[in-house]
file entry_18.pdb (PDB, C-alpha atoms)
ATOM      1  CA  MET A   1     168.871 163.848 -53.528
ATOM      2  CA  ARG A   2     167.151 167.205 -53.325
ATOM      3  CA  ILE A   3     165.172 168.779 -56.140
ATOM      4  CA  GLY A   4     167.999 171.123 -57.164
ATOM      5  CA  GLU A   5     170.407 168.253 -57.665
ATOM      6  CA  LEU A   6     167.829 166.275 -59.632
ATOM      7  CA  ALA A   7     167.225 169.333 -61.801
ATOM      8  CA  ARG A   8     170.955 169.700 -62.432
ATOM      9  CA  LEU A   9     171.530 166.011 -63.195
ATOM     10  CA  SER A  10     168.494 165.636 -65.446
ATOM     11  CA  GLY A  11     168.675 169.022 -67.164
ATOM     12  CA  VAL A  12     165.060 169.763 -66.219
ATOM     13  CA  SER A  13     163.915 172.799 -64.243
ATOM     14  CA  GLU A  14     162.745 172.499 -60.659
ATOM     15  CA  ARG A  15     159.411 173.894 -61.789
ATOM     16  CA  SER A  16     159.025 171.032 -64.282
ATOM     17  CA  LEU A  17     159.918 168.501 -61.606
ATOM     18  CA  ARG A  18     157.193 169.901 -59.343
ATOM     19  CA  TYR A  19     154.765 169.714 -62.260
ATOM     20  CA  TYR A  20     155.701 166.076 -62.866
ATOM     21  CA  GLU A  21     154.990 165.363 -59.231
ATOM     22  CA  ASP A  22     151.622 167.157 -59.421
ATOM     23  CA  GLN A  23     150.745 165.030 -62.463
ATOM     24  CA  GLY A  24     151.691 161.793 -60.690
ATOM     25  CA  LEU A  25     154.672 161.170 -62.958
ATOM     26  CA  LEU A  26     157.319 161.500 -60.260
ATOM     27  CA  HIS A  27     157.282 160.791 -56.555
ATOM     28  CA  ALA A  28     159.491 162.193 -53.814
ATOM     29  CA  GLU A  29     159.822 161.230 -50.200
ATOM     30  CA  ARG A  30     159.773 164.123 -47.770
ATOM     31  CA  THR A  31     162.454 164.946 -45.245
ATOM     32  CA  PRO A  32     161.428 165.826 -41.673
ATOM     33  CA  GLY A  33     161.791 169.453 -42.780
ATOM     34  CA  GLY A  34     159.361 168.920 -45.674
ATOM     35  CA  HIS A  35     161.951 169.006 -48.481
ATOM     36  CA  ARG A  36     161.604 166.680 -51.441
ATOM     37  CA  ASP A  37     164.048 163.786 -51.406
ATOM     38  CA  TYR A  38     164.474 161.701 -54.568
ATOM     39  CA  GLY A  39     166.281 158.416 -55.035
ATOM     40  CA  ALA A  40     168.966 157.925 -57.672
ATOM     41  CA  TRP A  41     166.307 156.257 -59.851
ATOM     42  CA  ALA A  42     164.640 159.656 -60.353
ATOM     43  CA  VAL A  43     167.191 160.813 -62.939
ATOM     44  CA  ASP A  44     166.268 157.932 -65.255
ATOM     45  CA  ARG A  45     162.572 158.565 -64.632
ATOM     46  CA  VAL A  46     162.848 162.267 -65.520
ATOM     47  CA  VAL A  47     164.834 161.521 -68.681
ATOM     48  CA  ARG A  48     162.189 158.972 -69.671
ATOM     49  CA  ILE A  49     159.390 161.489 -69.019
ATOM     50  CA  GLN A  50     161.173 164.040 -71.202
ATOM     51  CA  THR A  51     161.556 161.469 -73.972
ATOM     52  CA  LEU A  52     157.859 160.618 -73.841
ATOM     53  CA  TYR A  53     156.901 164.309 -73.966
ATOM     54  CA  ALA A  54     159.211 164.743 -76.957
ATOM     55  CA  ALA A  55     157.400 161.842 -78.630
ATOM     56  CA  GLY A  56     154.190 163.876 -78.426
ATOM     57  CA  LEU A  57     152.519 162.154 -75.482
ATOM     58  CA  ASN A  58     150.630 164.202 -72.899
ATOM     59  CA  SER A  59     151.028 163.861 -69.128
ATOM     60  CA  LYS A  60     147.880 161.731 -68.766
ATOM     61  CA  LYS A  61     149.140 159.200 -71.311
ATOM     62  CA  ILE A  62     152.625 159.259 -69.769
ATOM     63  CA  ALA A  63     151.126 158.550 -66.333
ATOM     64  CA  GLN A  64     149.408 155.482 -67.808
ATOM     65  CA  LEU A  65     152.561 154.319 -69.554
ATOM     66  CA  LEU A  66     155.202 154.848 -66.857
ATOM     67  CA  PRO A  67     154.220 151.843 -64.738
ATOM     68  CA  CYS A  68     154.807 149.678 -67.818
ATOM     69  CA  LEU A  69     158.407 150.838 -68.197
ATOM     70  CA  ARG A  70     161.430 149.769 -66.202
ATOM     71  CA  ASP A  71     163.426 152.523 -64.501
ATOM     72  CA  GLY A  72     167.078 152.354 -63.607
ATOM     73  CA  ASP A  73     166.124 150.987 -60.206
ATOM     74  CA  GLY A  74     165.264 147.669 -61.854
ATOM     75  CA  ARG A  75     161.774 147.482 -60.396
ATOM     76  CA  PRO A  76     159.593 145.077 -62.342
ATOM     77  CA  SER A  77     157.305 146.742 -64.805
ATOM     78  CA  GLU A  78     153.603 146.130 -65.106
ATOM     79  CA  THR A  79     152.157 145.021 -68.400
ATOM     80  CA  ALA A  80     150.430 147.617 -70.546
ATOM     81  CA  THR A  81     146.738 147.053 -71.059
ATOM     82  CA  PRO A  82     145.600 146.228 -74.595
ATOM     83  CA  LYS A  83     143.779 149.571 -74.618
ATOM     84  CA  LEU A  84     146.972 151.473 -73.781
ATOM     85  CA  VAL A  85     148.938 149.551 -76.409
ATOM     86  CA  GLY A  86     146.260 150.437 -78.965
ATOM     87  CA  GLU A  87     146.352 154.106 -77.983
ATOM     88  CA  LEU A  88     150.134 154.169 -78.268
ATOM     89  CA  ALA A  89     149.979 152.489 -81.676
ATOM     90  CA  ALA A  90     147.437 155.112 -82.777
ATOM     91  CA  GLU A  91     149.763 157.871 -81.541
ATOM     92  CA  ARG A  92     152.650 156.325 -83.496
ATOM     93  CA  ASP A  93     150.438 156.201 -86.602
ATOM     94  CA  ARG A  94     149.528 159.872 -86.116
ATOM     95  CA  ILE A  95     153.217 160.775 -85.906
ATOM     96  CA  ASN A  96     153.955 158.733 -89.033
ATOM     97  CA  ARG A  97     151.212 160.623 -90.899
ATOM     98  CA  LEU A  98     152.740 163.928 -89.777
ATOM     99  CA  ILE A  99     156.161 162.790 -90.991
ATOM    100  CA  THR A 100     154.685 161.810 -94.375
ATOM    101  CA  ASP A 101     152.944 165.190 -94.657
ATOM    102  CA  LEU A 102     156.140 167.055 -93.720
ATOM    103  CA  LEU A 103     158.169 165.111 -96.281
ATOM    104  CA  ARG A 104     155.566 165.895 -98.940
ATOM    105  CA  SER A 105     155.700 169.598 -97.995
ATOM    106  CA  ARG A 106     159.494 169.554 -98.186
ATOM    107  CA  ASP A 107     159.352 167.987-101.657
ATOM    108  CA  VAL A 108     156.950 170.691-102.853
ATOM    109  CA  LEU A 109     159.219 173.387-101.428
ATOM    110  CA  ASP A 110     162.218 171.817-103.173
ATOM    111  CA  GLU A 111     160.326 171.980-106.469
ATOM    112  CA  VAL A 112     159.383 175.624-105.889
ATOM    113  CA  ILE A 113     162.970 176.508-104.940
ATOM    114  CA  ASP A 114     164.301 174.743-108.039
ATOM    115  CA  ALA A 115     161.763 176.500-110.264
ATOM    116  CA  ALA A 116     162.416 179.896-108.688
ATOM    117  CA  SER A 117     166.184 179.626-108.950
ATOM    118  CA  ALA A 118     166.358 178.166-112.466
ATOM    119  CA  THR A 119     167.508 180.285-115.349
ATOM    120  CA  PRO A 120     164.595 181.264-117.603
ATOM    121  CA  ALA A 121     164.247 178.982-120.642
ATOM    122  CA  THR A 122     165.020 181.837-123.103
ATOM    123  CA  ALA A 123     168.388 182.495-121.414
ATOM    124  CA  ARG A 124     169.466 178.851-121.238
ATOM    125  CA  PRO A 125     171.988 177.654-123.782
ATOM    126  CA  SER A 126     170.525 175.209-126.258
ATOM    127  CA  LEU A 127     172.047 171.773-126.631
TER
END
call {"tool": "encode", "arguments": {"input": "entry_18.pdb", "output": "structure tokens"}}
result
Amino acid sequence: MRIGELARLSGVSERSLRYYEDQGLLHAERTPGGHRDYGAWAVDRVVRIQTLYAAGLNSKKIAQLLPCLRDGDGRPSETATPKLVGELAAERDRINRLITDLLRSRDVLDEVIDAASATPATARPSL
């Protein structure tokens, strides 16, 4: 399939697809006319790349990880190195810390909102 069709099927811009290729994340064969030609497997690969970006990984880390994942084409995956597994675990821990911090911030905001919207003590009916 050509780049435009891959862009349409994956929901990713042609520009992003070219970037993925430049970063070694995606590979296209070339037609005799020099056009990119992707296999059906490329849709799954692009969706996976998008998911990994959304998880906070950069293109260098994604390039290391992609060979360890199985695409829709069923090609066997390589095994991640212990170093890569450790780096991914560290990234997960970083994300968990961010989630904890965001939850704490939300709780503080809830307290401030409750305090700001409460009726002053002098105007509250006594029980």
call {"tool": "atom_distance", "arguments": {"input": "entry_18.pdb", "atom1": "CA of Leu52 (chain A)", "atom2": "CA of Ala40 (chain A)"}}
result
19.8 Å
call {"tool": "residues_around", "arguments": {"input": "entry_18.pdb", "residues": "region 53-62 of chain A", "least_positions_apart": "4", "cutoff": "7 Å", "atoms": "all atoms listed in the file", "output": "list in words"}}
result
Gln23, Ile49 and Leu66 of chain A
call {"tool": "atom_distance", "arguments": {"input": "entry_18.pdb", "atom1": "CA of Ala90 (chain A)", "atom2": "CA of Gln64 (chain A)"}}
result
15.1 Å
call {"tool": "resolve_selection", "arguments": {"input": "entry_18.pdb", "expression": "the PyMOL selection byres ((chain A and resi 27) around 10)", "output": "list in words"}}
result
Leu17, Arg18, Tyr20, Glu21, Asp22, Gln23, Gly24, Leu25, Leu26, Ala28, Glu29, Arg30, Arg36, Asp37, Tyr38, Gly39, Ala42 and Arg45 of chain A
call {"tool": "closest_residue", "arguments": {"input": "entry_18.pdb", "among": "A:Arg2, A:Arg15, A:Lys83, A:Arg94", "to": "Val43 (chain A)", "atoms": "all atoms listed in the file"}}
result
A:Arg2
call {"tool": "atom_distance", "arguments": {"input": "entry_18.pdb", "atom1": "CA of Ser13 (chain A)", "atom2": "CA of Pro67 (chain A)"}}
result
23.1 Å
